[in-house]
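> For reference, this is upload-v3.txt, and it has compact mmCIF, C-alpha atoms and all ligand atoms.
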# COMPACT_ATOMS: atom_id res chain seq x y z
CA MET T 1 0.00 0.00 0.00
CA THR T 2 1.50 3.32 -1.08
CA ASP T 3 1.76 6.01 1.61
CA ASP T 4 0.09 8.75 -0.40
CA ILE T 5 -3.21 6.93 -1.01
CA ARG T 6 -6.09 9.11 0.23
CA LYS T 7 -8.96 6.67 0.78
CA GLY T 8 -12.25 8.23 -0.27
CA LEU T 9 -10.23 11.14 -1.73
CA ALA T 10 -10.40 12.63 1.79
CA GLY T 11 -8.69 16.00 1.84
CA VAL T 12 -7.81 15.86 -1.88
CA VAL T 13 -8.50 18.98 -3.94
CA VAL T 14 -9.32 17.68 -7.44
CA ASP T 15 -10.31 20.85 -9.29
CA GLU T 16 -11.50 24.44 -8.93
CA THR T 17 -15.15 25.45 -8.82
CA ALA T 18 -16.95 28.79 -8.85
CA VAL T 19 -20.35 27.27 -8.05
CA SER T 20 -20.19 27.07 -4.27
CA LYS T 21 -17.78 27.31 -1.38
CA VAL T 22 -18.01 25.08 1.67
CA ASP T 23 -15.86 26.49 4.46
CA PRO T 24 -15.59 24.24 7.51
CA GLU T 25 -13.45 26.84 9.34
CA THR T 26 -16.15 29.50 9.29
CA ASN T 27 -18.93 26.90 9.13
CA SER T 28 -20.35 28.57 6.04
CA LEU T 29 -21.73 27.69 2.62
CA LEU T 30 -21.81 30.21 -0.20
CA TYR T 31 -23.58 29.75 -3.54
CA ARG T 32 -21.75 31.94 -6.05
CA GLY T 33 -20.72 34.13 -3.10
CA TYR T 34 -24.11 34.38 -1.36
CA PRO T 35 -24.60 32.78 2.09
CA VAL T 36 -27.10 29.95 1.66
CA GLN T 37 -29.14 30.99 4.69
CA GLU T 38 -29.64 34.46 3.13
CA LEU T 39 -30.82 32.87 -0.10
CA ALA T 40 -33.17 30.53 1.79
CA ALA T 41 -34.69 33.47 3.67
CA THR T 42 -35.21 35.73 0.66
CA GLN T 43 -35.41 33.83 -2.64
CA PRO T 44 -37.76 31.47 -4.45
CA PHE T 45 -36.01 28.25 -5.47
CA GLU T 46 -36.24 29.21 -9.16
CA ALA T 47 -34.06 32.29 -8.53
CA VAL T 48 -31.44 30.14 -6.81
CA ALA T 49 -31.45 27.76 -9.78
CA HIS T 50 -30.72 30.75 -12.02
CA LEU T 51 -27.94 31.85 -9.68
CA LEU T 52 -26.28 28.42 -9.79
CA TRP T 53 -26.48 28.17 -13.57
CA HIS T 54 -25.60 31.75 -14.51
CA GLY T 55 -23.55 33.02 -11.56
CA GLU T 56 -25.93 35.90 -10.73
CA LEU T 57 -29.38 36.21 -9.20
CA PRO T 58 -31.95 36.89 -11.93
CA GLY T 59 -33.36 40.32 -12.68
CA ASP T 60 -37.16 40.59 -12.90
CA ASP T 61 -37.25 39.80 -16.63
CA GLU T 62 -34.85 36.90 -16.29
CA LEU T 63 -36.87 35.40 -13.45
CA ALA T 64 -40.08 35.83 -15.43
CA ALA T 65 -38.49 34.11 -18.46
CA LEU T 66 -37.19 31.23 -16.32
CA ARG T 67 -40.59 30.80 -14.69
CA GLU T 68 -42.32 30.77 -18.04
CA GLU T 69 -40.01 28.07 -19.37
CA GLU T 70 -40.25 26.06 -16.14
CA ARG T 71 -44.06 26.17 -16.28
CA ARG T 72 -44.01 25.04 -19.91
CA HIS T 73 -42.22 21.81 -18.92
CA ARG T 74 -43.90 21.06 -15.60
CA ALA T 75 -46.39 18.46 -16.73
CA LEU T 76 -45.56 14.76 -16.56
CA ALA T 77 -44.69 13.84 -20.16
CA PRO T 78 -46.78 10.84 -21.35
CA GLU T 79 -43.66 9.03 -22.60
CA VAL T 80 -42.03 9.40 -19.18
CA LYS T 81 -45.18 8.33 -17.35
CA ALA T 82 -45.38 5.25 -19.60
CA VAL T 83 -41.84 4.22 -18.60
CA VAL T 84 -42.51 4.81 -14.89
CA ASP T 85 -45.72 2.76 -15.16
CA LEU T 86 -43.68 -0.21 -16.37
CA LEU T 87 -41.85 -0.32 -13.04
CA PRO T 88 -43.26 -2.26 -10.09
CA ALA T 89 -45.15 -0.06 -7.62
CA THR T 90 -42.77 -1.43 -4.99
CA ALA T 91 -39.70 -0.05 -6.84
CA HIS T 92 -37.77 2.48 -4.77
CA PRO T 93 -38.59 5.99 -6.06
CA MET T 94 -34.86 6.68 -6.47
CA ASP T 95 -34.83 3.88 -9.07
CA GLU T 96 -38.00 5.38 -10.54
CA ILE T 97 -36.55 8.88 -10.89
CA ARG T 98 -33.23 7.54 -12.23
CA THR T 99 -35.17 5.62 -14.88
CA ALA T 100 -37.32 8.68 -15.65
CA VAL T 101 -34.22 10.80 -16.24
CA SER T 102 -32.89 8.10 -18.59
CA ALA T 103 -36.20 8.17 -20.47
CA VAL T 104 -36.15 11.98 -20.74
CA GLY T 105 -32.59 11.78 -22.06
CA ALA T 106 -33.37 9.07 -24.60
CA HIS T 107 -36.20 11.21 -25.97
CA GLU T 108 -34.29 14.50 -25.92
CA LEU T 109 -31.26 12.95 -27.61
CA SER T 110 -33.19 10.90 -30.15
CA ASP T 111 -32.00 12.81 -33.21
CA GLY T 112 -29.81 9.91 -34.31
CA GLY T 113 -26.57 11.74 -33.47
CA SER T 114 -23.36 9.87 -32.63
CA VAL T 115 -21.66 9.71 -29.24
CA LEU T 116 -19.24 12.31 -30.55
CA ASP T 117 -22.00 14.94 -30.20
CA ALA T 118 -23.42 13.55 -26.95
CA GLY T 119 -21.93 16.21 -24.68
CA GLY T 120 -23.78 19.07 -26.37
CA SER T 121 -23.01 22.81 -26.26
CA ALA T 122 -23.24 24.93 -23.11
CA GLU T 123 -26.39 26.51 -24.49
CA GLU T 124 -28.01 23.13 -25.15
CA ASN T 125 -27.04 21.90 -21.71
CA LEU T 126 -28.45 24.95 -19.97
CA ALA T 127 -31.75 24.38 -21.74
CA ARG T 128 -31.65 20.65 -20.93
CA GLY T 129 -30.86 21.39 -17.28
CA LEU T 130 -33.80 23.78 -17.04
CA ARG T 131 -36.20 21.31 -18.63
CA LEU T 132 -35.06 18.55 -16.27
CA PHE T 133 -35.41 20.88 -13.28
CA ALA T 134 -38.96 21.65 -14.48
CA ALA T 135 -39.88 18.01 -15.14
CA LEU T 136 -38.66 16.27 -11.97
CA PRO T 137 -41.28 17.44 -9.42
CA ALA T 138 -44.01 15.79 -11.51
CA VAL T 139 -42.02 12.52 -11.51
CA VAL T 140 -41.55 12.63 -7.73
CA ALA T 141 -45.18 13.60 -7.12
CA TYR T 142 -46.56 10.97 -9.48
CA GLY T 143 -44.34 8.27 -7.94
CA GLN T 144 -45.81 8.95 -4.52
CA ARG T 145 -49.36 9.09 -5.85
CA ARG T 146 -48.86 5.87 -7.82
CA ARG T 147 -47.75 4.08 -4.66
CA ARG T 148 -50.87 5.41 -2.94
CA GLY T 149 -53.10 4.16 -5.77
CA LEU T 150 -53.88 7.70 -6.97
CA ASP T 151 -53.75 9.39 -10.38
CA ALA T 152 -51.29 12.12 -11.35
CA VAL T 153 -52.39 15.69 -10.57
CA PRO T 154 -51.79 18.14 -13.45
CA PRO T 155 -49.59 21.13 -12.58
CA ARG T 156 -50.97 24.60 -11.82
CA ASP T 157 -49.60 27.54 -13.81
CA ASP T 158 -50.53 30.06 -11.14
CA LEU T 159 -48.23 28.57 -8.48
CA GLY T 160 -44.48 28.96 -7.94
CA TYR T 161 -42.13 25.98 -8.17
CA ALA T 162 -42.35 24.88 -4.51
CA ALA T 163 -46.12 25.43 -4.19
CA ASN T 164 -46.79 23.59 -7.44
CA PHE T 165 -44.55 20.68 -6.36
CA LEU T 166 -46.72 20.28 -3.23
CA TRP T 167 -49.90 20.69 -5.28
CA MET T 168 -48.90 17.88 -7.65
CA ALA T 169 -47.91 15.63 -4.73
CA PHE T 170 -51.01 16.13 -2.58
CA GLY T 171 -53.68 17.55 -4.91
CA GLU T 172 -54.41 20.44 -2.56
CA GLU T 173 -52.95 23.89 -2.13
CA ALA T 174 -50.39 23.96 0.65
CA ASP T 175 -50.42 26.53 3.45
CA PRO T 176 -47.86 29.35 2.92
CA VAL T 177 -45.96 28.18 6.05
CA VAL T 178 -45.51 24.77 4.44
CA VAL T 179 -44.55 26.22 1.06
CA ASP T 180 -41.97 28.45 2.73
CA ALA T 181 -40.41 25.59 4.71
CA PHE T 182 -40.33 23.38 1.60
CA ASN T 183 -38.83 26.17 -0.54
CA ARG T 184 -36.08 26.67 2.06
CA SER T 185 -35.28 22.96 2.09
CA LEU T 186 -34.94 22.91 -1.71
CA ILE T 187 -32.52 25.84 -1.60
CA LEU T 188 -30.45 24.20 1.14
CA TYR T 189 -30.29 20.95 -0.83
CA ALA T 190 -29.47 22.61 -4.16
CA GLU T 191 -25.69 22.59 -4.06
CA HIS T 192 -22.71 21.48 -1.99
CA SER T 193 -19.44 21.58 -3.99
CA PHE T 194 -17.71 18.25 -4.74
CA ASN T 195 -19.96 15.88 -2.78
CA ALA T 196 -20.14 12.26 -3.99
CA SER T 197 -23.09 12.69 -6.39
CA THR T 198 -21.79 15.93 -7.92
CA PHE T 199 -18.39 14.36 -8.36
CA ALA T 200 -20.03 11.37 -10.06
CA ALA T 201 -21.76 13.79 -12.46
CA ARG T 202 -18.44 15.51 -13.17
CA VAL T 203 -16.66 12.18 -13.79
CA VAL T 204 -19.28 11.21 -16.39
CA THR T 205 -19.18 14.68 -17.98
CA SER T 206 -15.40 14.49 -18.19
CA THR T 207 -15.70 11.61 -20.69
CA LEU T 208 -17.76 13.95 -22.95
CA SER T 209 -20.86 11.92 -22.23
CA ASP T 210 -24.27 13.62 -22.07
CA LEU T 211 -26.02 15.53 -19.28
CA TYR T 212 -28.65 12.82 -18.70
CA SER T 213 -26.01 10.12 -18.24
CA ALA T 214 -24.23 12.39 -15.76
CA VAL T 215 -27.46 13.07 -13.82
CA THR T 216 -28.42 9.37 -13.68
CA ALA T 217 -24.95 8.58 -12.29
CA ALA T 218 -25.42 11.34 -9.72
CA ILE T 219 -28.82 9.93 -8.71
CA GLY T 220 -27.23 6.52 -8.19
CA ALA T 221 -24.60 8.08 -5.93
CA LEU T 222 -27.16 10.12 -4.01
CA LYS T 223 -29.27 7.06 -3.23
CA GLY T 224 -26.77 5.67 -0.73
CA PRO T 225 -27.49 6.22 2.98
CA LEU T 226 -24.04 7.74 3.53
CA HIS T 227 -25.15 10.56 1.19
CA GLY T 228 -28.70 11.60 0.22
CA GLY T 229 -30.37 8.42 1.41
CA ALA T 230 -29.71 9.62 4.96
CA ASN T 231 -32.83 11.84 5.01
CA GLU T 232 -34.96 8.72 4.52
CA ALA T 233 -32.81 6.81 7.01
CA VAL T 234 -33.32 9.49 9.70
CA LEU T 235 -37.04 8.78 9.68
CA HIS T 236 -36.43 5.06 10.17
CA VAL T 237 -34.34 5.99 13.22
CA PHE T 238 -37.11 8.26 14.55
CA ARG T 239 -39.66 5.47 14.11
CA GLU T 240 -37.40 2.94 15.84
CA ILE T 241 -36.93 5.25 18.82
CA GLY T 242 -40.61 6.25 18.92
CA ALA T 243 -40.46 8.94 21.62
CA ALA T 244 -37.97 11.19 23.40
CA GLU T 245 -37.91 9.05 26.56
CA ASN T 246 -36.51 6.08 24.57
CA VAL T 247 -33.49 7.97 23.25
CA GLY T 248 -31.06 6.96 26.03
CA PRO T 249 -31.52 3.16 25.86
CA TRP T 250 -31.73 3.26 22.03
CA LEU T 251 -28.42 5.14 21.81
CA ASP T 252 -26.77 2.78 24.34
CA GLU T 253 -27.51 -0.10 22.03
CA ALA T 254 -26.75 1.73 18.76
CA LEU T 255 -23.36 2.90 19.97
CA ALA T 256 -22.51 -0.45 21.58
CA SER T 257 -23.12 -2.16 18.24
CA LYS T 258 -21.04 0.55 16.47
CA ARG T 259 -24.00 1.54 14.42
CA LYS T 260 -23.89 4.79 12.45
CA VAL T 261 -26.68 7.13 13.43
CA MET T 262 -28.03 8.57 10.20
CA GLY T 263 -28.28 12.33 9.93
CA PHE T 264 -25.12 12.95 11.97
CA GLY T 265 -21.58 13.61 10.79
CA HIS T 266 -20.07 15.10 7.68
CA ARG T 267 -16.88 14.57 5.70
CA VAL T 268 -16.16 18.30 5.34
CA TYR T 269 -17.84 20.06 8.26
CA THR T 270 -16.17 19.27 11.54
CA ARG T 271 -18.04 21.85 13.63
CA GLY T 272 -21.54 21.26 12.35
CA ASP T 273 -23.30 21.57 9.01
CA SER T 274 -23.90 25.23 8.09
CA ARG T 275 -27.33 24.39 6.66
CA VAL T 276 -28.77 22.86 9.82
CA PRO T 277 -29.85 26.03 11.73
CA THR T 278 -31.91 27.24 8.73
CA MET T 279 -33.56 23.85 8.22
CA ARG T 280 -34.14 23.45 11.94
CA ALA T 281 -35.99 26.79 11.94
CA ALA T 282 -38.08 25.55 8.99
CA LEU T 283 -38.82 22.34 10.93
CA GLU T 284 -39.85 24.39 13.95
CA SER T 285 -42.30 26.37 11.81
CA LEU T 286 -43.81 23.09 10.60
CA VAL T 287 -43.98 21.68 14.13
CA ALA T 288 -45.96 24.79 15.18
CA HIS T 289 -48.15 24.64 12.08
CA TYR T 290 -49.05 20.96 12.54
CA ASP T 291 -49.02 21.22 16.36
CA ARG T 292 -46.54 18.35 16.77
CA PRO T 293 -44.27 19.32 19.68
CA ASP T 294 -43.48 15.60 20.15
CA VAL T 295 -41.44 15.68 16.92
CA LEU T 296 -39.25 18.52 18.13
CA ASP T 297 -38.93 16.83 21.51
CA LEU T 298 -37.52 13.66 19.95
CA TYR T 299 -35.38 15.71 17.54
CA THR T 300 -33.71 17.79 20.27
CA THR T 301 -33.34 14.93 22.73
CA LEU T 302 -31.56 12.70 20.20
CA GLU T 303 -29.39 15.57 18.97
CA ASP T 304 -28.37 16.68 22.47
CA GLU T 305 -27.66 13.15 23.61
CA PHE T 306 -25.72 12.16 20.46
CA VAL T 307 -23.63 15.33 20.48
CA ARG T 308 -22.91 14.87 24.21
CA ARG T 309 -21.80 11.28 23.76
CA LYS T 310 -20.03 11.40 20.37
CA GLY T 311 -19.27 15.07 19.74
CA ILE T 312 -20.66 14.65 16.19
CA SER T 313 -23.18 17.26 14.96
CA PRO T 314 -26.24 16.74 12.78
CA ASN T 315 -26.16 17.30 9.02
CA LEU T 316 -28.91 18.72 6.79
CA ASP T 317 -30.67 15.36 6.50
CA TYR T 318 -31.41 15.38 10.23
CA PRO T 319 -33.94 18.26 10.23
CA SER T 320 -35.15 17.72 6.65
CA GLY T 321 -36.28 14.11 7.26
CA PRO T 322 -38.83 14.98 9.97
CA ALA T 323 -39.80 18.15 8.06
CA TYR T 324 -40.77 16.15 4.96
CA ASP T 325 -42.55 13.64 7.17
CA LEU T 326 -44.66 16.40 8.75
CA ILE T 327 -45.53 17.79 5.32
CA GLY T 328 -46.93 14.35 4.52
CA PHE T 329 -44.43 12.90 2.07
CA ASP T 330 -43.84 9.14 2.18
CA THR T 331 -40.46 8.37 3.73
CA VAL T 332 -39.17 6.82 0.48
CA THR T 333 -39.94 10.08 -1.33
CA PHE T 334 -37.47 12.17 0.73
CA THR T 335 -34.34 11.39 -1.30
CA PRO T 336 -36.09 11.96 -4.67
CA ILE T 337 -37.00 15.45 -3.37
CA PHE T 338 -33.27 15.91 -2.74
CA VAL T 339 -32.74 14.89 -6.42
CA ALA T 340 -35.23 17.50 -7.64
CA ALA T 341 -33.35 20.16 -5.68
CA ARG T 342 -29.78 19.00 -6.36
CA VAL T 343 -30.32 18.68 -10.11
CA THR T 344 -29.67 22.45 -10.18
CA GLY T 345 -26.25 22.06 -8.57
CA TRP T 346 -25.41 18.96 -10.62
CA THR T 347 -26.20 20.70 -13.89
CA ALA T 348 -24.24 23.82 -12.85
CA HIS T 349 -21.25 21.53 -12.24
CA ILE T 350 -21.80 19.66 -15.52
CA LEU T 351 -21.62 23.02 -17.33
CA GLU T 352 -18.52 24.01 -15.39
CA GLN T 353 -16.78 20.67 -15.96
CA ALA T 354 -17.55 20.77 -19.69
CA ALA T 355 -16.28 24.35 -19.98
CA SER T 356 -12.74 23.45 -18.85
CA ASN T 357 -12.66 19.70 -19.18
CA ALA T 358 -9.96 17.21 -18.27
CA LEU T 359 -10.81 13.52 -18.25
CA ILE T 360 -11.07 12.42 -14.60
CA ARG T 361 -8.98 9.31 -14.33
CA PRO T 362 -7.11 8.73 -11.06
CA LEU T 363 -4.48 6.08 -10.48
CA SER T 364 -4.61 3.07 -8.19
CA ALA T 365 -1.99 1.09 -6.31
CA TYR T 366 -2.20 -2.56 -7.40
CA VAL T 367 -2.25 -5.01 -4.49
CA GLY T 368 -3.38 -8.21 -6.32
CA PRO T 369 -1.27 -11.27 -7.24
CA GLY T 370 2.04 -10.74 -9.04
CA GLU T 371 2.31 -11.74 -12.68
CA ARG T 372 1.37 -15.40 -13.29
CA HIS T 373 0.38 -17.55 -16.29
CA VAL T 374 -2.56 -19.78 -17.21
CA ALA T 375 -1.84 -23.54 -17.01
CA GLY T 376 -3.29 -24.41 -20.43
CA SER T 377 -6.12 -23.57 -22.85
CA VAL T 378 -9.77 -24.61 -22.31
CA PRO T 379 -11.51 -25.88 -25.47
CA ASP T 380 -14.72 -24.07 -26.54
CA GLU T 381 -17.92 -26.16 -26.04
N1 LIG P 401 -22.88 7.83 13.78
C1 LIG P 401 -21.95 7.21 14.55
N2 LIG P 401 -20.62 7.38 14.38
C2 LIG P 401 -20.25 8.21 13.41
C3 LIG P 401 -21.16 8.89 12.58
C4 LIG P 401 -22.51 8.67 12.80
N3 LIG P 401 -23.44 9.27 12.06
N4 LIG P 401 -20.49 9.65 11.68
C5 LIG P 401 -19.20 9.45 11.93
N5 LIG P 401 -19.04 8.58 12.97
C6 LIG P 401 -17.81 8.10 13.54
C7 LIG P 401 -17.33 6.88 12.76
O1 LIG P 401 -17.85 5.68 13.30
C8 LIG P 401 -15.84 6.99 12.90
O2 LIG P 401 -15.49 6.55 14.19
P1 LIG P 401 -14.13 5.73 14.44
O3 LIG P 401 -13.02 6.68 14.02
O4 LIG P 401 -14.18 5.40 15.88
O5 LIG P 401 -14.21 4.55 13.52
C9 LIG P 401 -15.58 8.49 12.86
O6 LIG P 401 -16.78 9.09 13.34
C10 LIG P 401 -15.28 9.01 11.45
O7 LIG P 401 -16.35 8.60 10.58
P2 LIG P 401 -16.18 8.24 9.05
O8 LIG P 401 -17.41 7.58 8.58
O9 LIG P 401 -14.89 7.52 8.83
O10 LIG P 401 -15.97 9.69 8.47
P3 LIG P 401 -16.40 10.20 7.05
O11 LIG P 401 -15.78 11.51 6.88
O12 LIG P 401 -16.16 9.18 6.01
O13 LIG P 401 -17.98 10.28 7.31
C11 LIG P 401 -20.21 10.43 6.82
C12 LIG P 401 -18.87 11.17 6.82
C13 LIG P 401 -20.17 9.30 5.79
C14 LIG P 401 -21.30 11.43 6.43
C15 LIG P 401 -20.51 9.86 8.22
O14 LIG P 401 -20.51 10.88 9.19
C16 LIG P 401 -21.81 9.06 8.26
O15 LIG P 401 -21.83 7.90 7.87
N6 LIG P 401 -22.94 9.71 8.70
C17 LIG P 401 -24.22 9.08 8.68
C18 LIG P 401 -24.84 9.17 7.27
C19 LIG P 401 -25.34 10.57 6.96
O16 LIG P 401 -25.97 11.21 7.76
N7 LIG P 401 -25.06 11.02 5.73
C20 LIG P 401 -25.51 12.32 5.22
C21 LIG P 401 -24.34 13.13 4.78
S1 LIG P 401 -24.78 14.82 4.49
C22 LIG P 401 -25.75 14.84 3.08
O17 LIG P 401 -25.68 13.97 2.24
C23 LIG P 401 -26.73 15.97 2.97
Could you spell out this file's structure in structure tokens?

Amino acid sequence: MTDDIRKGLAGVVVDETAVSKVDPETNSLLYRGYPVQELAATQPFEAVAHLLWHGELPGDDELAALREEERRHRALAPEVKAVVDLLPATAHPMDEIRTAVSAVGAHELSDGGSVLDAGGSAEENLARGLRLFAALPAVVAYGQRRRRGLDAVPPRDDLGYAANFLWMAFGEEADPVVVDAFNRSLILYAEHSFNASTFAARVVTSTLSDLYSAVTAAIGALKGPLHGGANEAVLHVFREIGAAENVGPWLDEALASKRKVMGFGHRVYTRGDSRVPTMRAALESLVAHYDRPDVLDLYTTLEDEFVRRKGISPNLDYPSGPAYDLIGFDTVTFTPIFVAARVTGWTAHILEQAASNALIRPLSAYVGPGERHVAGSVPDE
């Protein structure tokens, strides 16, 4: 084993990015220079998508144009619905959304072009990114409805992105408190530098493959419970514990069996995830709205006890899991919501990678058998 191997690329700087800055020293996260908590408090998610793609917040006309285009592509395309309907209702919605993105890509790139043109121009990719951003809420919402034995709900042109997402999922207009909390969560989930899924998207882009292939790779990476799957996993932990008074004995057992407690810890942040206070405030607003103090009780008791015993702070998935649960989403739908939000960051990185590309191809230290030779040839049957 060579000394300079950095398992998991921990601490390795692999490229530059102008999309976001994660600073563990100051415990801050900036999107194109703006603190994420400021964006969450002041912007609709569509404006943050524009910021990530173009580097600046949109002016009034730009926001209006983006909204118009987003509304034009909101509806669940029949060809995408047909592909989703082929999947078993018991399929995990992350597999469903990954398949839906593949279907969108196969249709969008069906002009008979060769792989040499697959990457597309920056202009084409911006337009593709926007259409995917517009299309994914309907896929997530329909997936949940399908599992509940319900039909798809057509989008509403008079609602913003977050409000329409909730409308399509539940078929009723959400309270402004709920829309605001949901909008904040989408902004917090939108981008986070070279995390595993974004890096996967950049690796695929670096081969000059297409945006849809990069996004499906990213979805695959996000599914894992060490990454995006943790927001779903947090809810399983909450259900296992049941109530605040069970936290102590539950933690005794979890820590004795060296179990990882989902929703805690982060590779980059050592002093706590900068997004948590904003999402916790959003969770608190939902707890008040739904009158569920028991949720906050369990949340704070587990956090306090885990931090006291392990010194490891919660990450964004810790408050967002119970927040999505209160809103009424199925637990398996939490990570696909993360996909719908993070597709903005992924596509911003795909554009950035393509603009100054170098094939991503690290080296490995071989530790297998030394050179050896086959004993003889095996005849074909
Ligand atoms: N529960 C219990 N112990 C933990 C946790 C946790 N959640 N997180 C870290 N540790 C412990 C590890 O057991 C390890 O202890 P050891 O040195 O005694 O073996 C030590 O802290 C270091 O942990 P690693 O997993 O090696 O550190 P890494 O930087 O790879 O971990 C990770 C980061 C994967 C996020 C980890 O903290 C974890 O598994 N957390 C739970 C999953 C989770 O919440 N993921 C969401 C990430 S954020 C996001 O995607 C929005």
> Just checking: using all atoms listed in the file, which residue out of T:Gly311, T:Gly224, T:Gly248, T:Pro35 ends up closest to Phe264 of chain T?
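The answer is T:Gly311, which sits nearest to Phe264 of chain T.
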> Figure out the distance between atom CA of Leu226 of chain T and atom CA of Val83 of chain T, please, to one decimal in Å.
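The value is 28.6 Å.
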> Counting all atoms listed in the file, find the residues whose atoms lie at most 8 Å from (-27.9, 18.8, -0.2) (file coordinates) and write them out as a list in words.
Leu188, Tyr189, Ala190, Glu191, His192, Gly228, Leu316, Phe338, Ala341 and Arg342 of chain T
> Please identify the residues whose atoms come within 6 Å of ligand LIG 401 (chain P), using all atoms listed in the file, and report them as a short mmCIF file (atom, residue, chain, number, x, y, z; two decimals) with C-alpha atoms, in the frame of the given file.

data_model
loop_
_atom_site.label_atom_id
_atom_site.label_comp_id
_atom_site.auth_asym_id
_atom_site.auth_seq_id
_atom_site.Cartn_x
_atom_site.Cartn_y
_atom_site.Cartn_z
CA PRO T 225 -27.49 6.22 2.98
CA LEU T 226 -24.04 7.74 3.53
CA HIS T 227 -25.15 10.56 1.19
CA GLY T 228 -28.70 11.60 0.22
CA ALA T 230 -29.71 9.62 4.96
CA LYS T 260 -23.89 4.79 12.45
CA VAL T 261 -26.68 7.13 13.43
CA MET T 262 -28.03 8.57 10.20
CA GLY T 263 -28.28 12.33 9.93
CA PHE T 264 -25.12 12.95 11.97
CA GLY T 265 -21.58 13.61 10.79
CA HIS T 266 -20.07 15.10 7.68
CA ARG T 267 -16.88 14.57 5.70
CA ASN T 315 -26.16 17.30 9.02
CA LEU T 316 -28.91 18.72 6.79
CA ASP T 317 -30.67 15.36 6.50
#
> Determine, counting only C-alpha atoms, which protein, DNA and RNA residues have an atom within 10 Å of an atom of Lys21 of chain T; residues of the same chain fewer than 2 positions away are not included. Present the result as a ChimeraX atom specification.
/T:17-19,23-24,28-35,191-194
> Using Å and a single decimal, report how far atom CA of Val104 of chain T sits from atom CA of Arg131 of chain T.
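Atom-to-atom, atom CA of Arg131 of chain T to atom CA of Val104 of chain T, that is 9.6 Å.
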> Looking at all atoms listed in the file, which of T:Thr347, T:Asn357, T:Thr301, T:Ser364 is the one that sits closest to Trp250 of chain T?
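So, comparing all the options, the nearest one is T:Thr301.
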> Of the candidates T:Tyr212, T:Asp297, T:Pro249, T:Ala152, which one gets nearest to Ala103 of chain T if we count only C-alpha atoms?
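Of all the options, T:Tyr212 lies closest to Ala103 of chain T.
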> For atom CA of Arg202 of chain T and atom CA of Ile219 of chain T, determine how far apart the two atoms are, in Å to one decimal place.
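Calculated distance between atom CA of Arg202 of chain T and atom CA of Ile219 of chain T is 12.6 Å.
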> Considering all atoms listed in the file, can you say which of T:Thr331, T:Thr300, T:Thr207, T:Ser197 comes closest to Glu245 of chain T?
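Of T:Thr331, T:Thr300, T:Thr207, T:Ser197, the one nearest Glu245 of chain T, counting all atoms listed in the file, is T:Thr300.
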> For Leu298 of chain T, which residue among T:Leu235, T:Leu351, T:Leu286, T:Ile327 is the nearest when counting all atoms listed in the file?
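Under the stated criterion, the closest residue is T:Leu235.
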> Looking at only C-alpha atoms, which of T:Leu296, T:Leu326, T:Leu132, T:Val307 is the one that sits closest to Phe182 of chain T?
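Smallest separation from Phe182 of chain T among the options: T:Leu326.
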> Distance table requested - segment 117-140 of chain T against segment 68-81 of chain T, cut-off 9 Å, all atoms listed in the file: one row per qualifying residue with the closest atom pair and its distance in Å to one decimal, ordered by chain and rising residue number, as JSON lines.

{"residue": "T:Leu130", "atom": "CA", "partner": "T:Glu70", "partner_atom": "CA", "distance": 6.9}
{"residue": "T:Arg131", "atom": "CA", "partner": "T:His73", "partner_atom": "CA", "distance": 6.0}
{"residue": "T:Leu132", "atom": "CA", "partner": "T:His73", "partner_atom": "CA", "distance": 8.3}
{"residue": "T:Phe133", "atom": "CA", "partner": "T:Glu70", "partner_atom": "CA", "distance": 7.6}
{"residue": "T:Ala134", "atom": "CA", "partner": "T:Glu70", "partner_atom": "CA", "distance": 4.9}
{"residue": "T:Ala135", "atom": "CA", "partner": "T:Arg74", "partner_atom": "CA", "distance": 5.1}
{"residue": "T:Leu136", "atom": "CA", "partner": "T:Arg74", "partner_atom": "CA", "distance": 8.0}
{"residue": "T:Pro137", "atom": "CA", "partner": "T:Arg74", "partner_atom": "CA", "distance": 7.6}
{"residue": "T:Ala138", "atom": "CA", "partner": "T:Leu76", "partner_atom": "CA", "distance": 5.4}
{"residue": "T:Val139", "atom": "CA", "partner": "T:Leu76", "partner_atom": "CA", "distance": 6.6}
> Restricting the output to C-alpha atoms, write the selected residues as an mmCIF file, in the frame of the given file.

data_model
loop_
_atom_site.group_PDB
_atom_site.id
_atom_site.type_symbol
_atom_site.label_atom_id
_atom_site.label_comp_id
_atom_site.auth_asym_id
_atom_site.auth_seq_id
_atom_site.Cartn_x
_atom_site.Cartn_y
_atom_site.Cartn_z
ATOM 1 C CA LEU T 130 -33.800 23.780 -17.040
ATOM 2 C CA ARG T 131 -36.200 21.310 -18.630
ATOM 3 C CA LEU T 132 -35.060 18.550 -16.270
ATOM 4 C CA PHE T 133 -35.410 20.880 -13.280
ATOM 5 C CA ALA T 134 -38.960 21.650 -14.480
ATOM 6 C CA ALA T 135 -39.880 18.010 -15.140
ATOM 7 C CA LEU T 136 -38.660 16.270 -11.970
ATOM 8 C CA PRO T 137 -41.280 17.440 -9.420
ATOM 9 C CA ALA T 138 -44.010 15.790 -11.510
ATOM 10 C CA VAL T 139 -42.020 12.520 -11.510
#
> Which residues are close to Asp180 of chain T, i.e. within 12 Å by all atoms listed in the file, leaving aside same-chain residues fewer than 6 positions away? Reply as a PyMOL selection string.
chain T and resi 40-45+160-163+166+174+186-187+278-279+281-283+285-286+289+323+327
> Tell me, as JSON, numbers by chain, which residues lie within 12 Å of Asp95 of chain T, counting all atoms listed in the file; anything in the same chain fewer than 5 positions away does not count.
{"T": [83, 84, 87, 88, 89, 90, 100, 101, 102, 139, 140, 143, 216, 217, 219, 220, 221, 222, 223, 224, 332, 333, 335, 336, 339]}
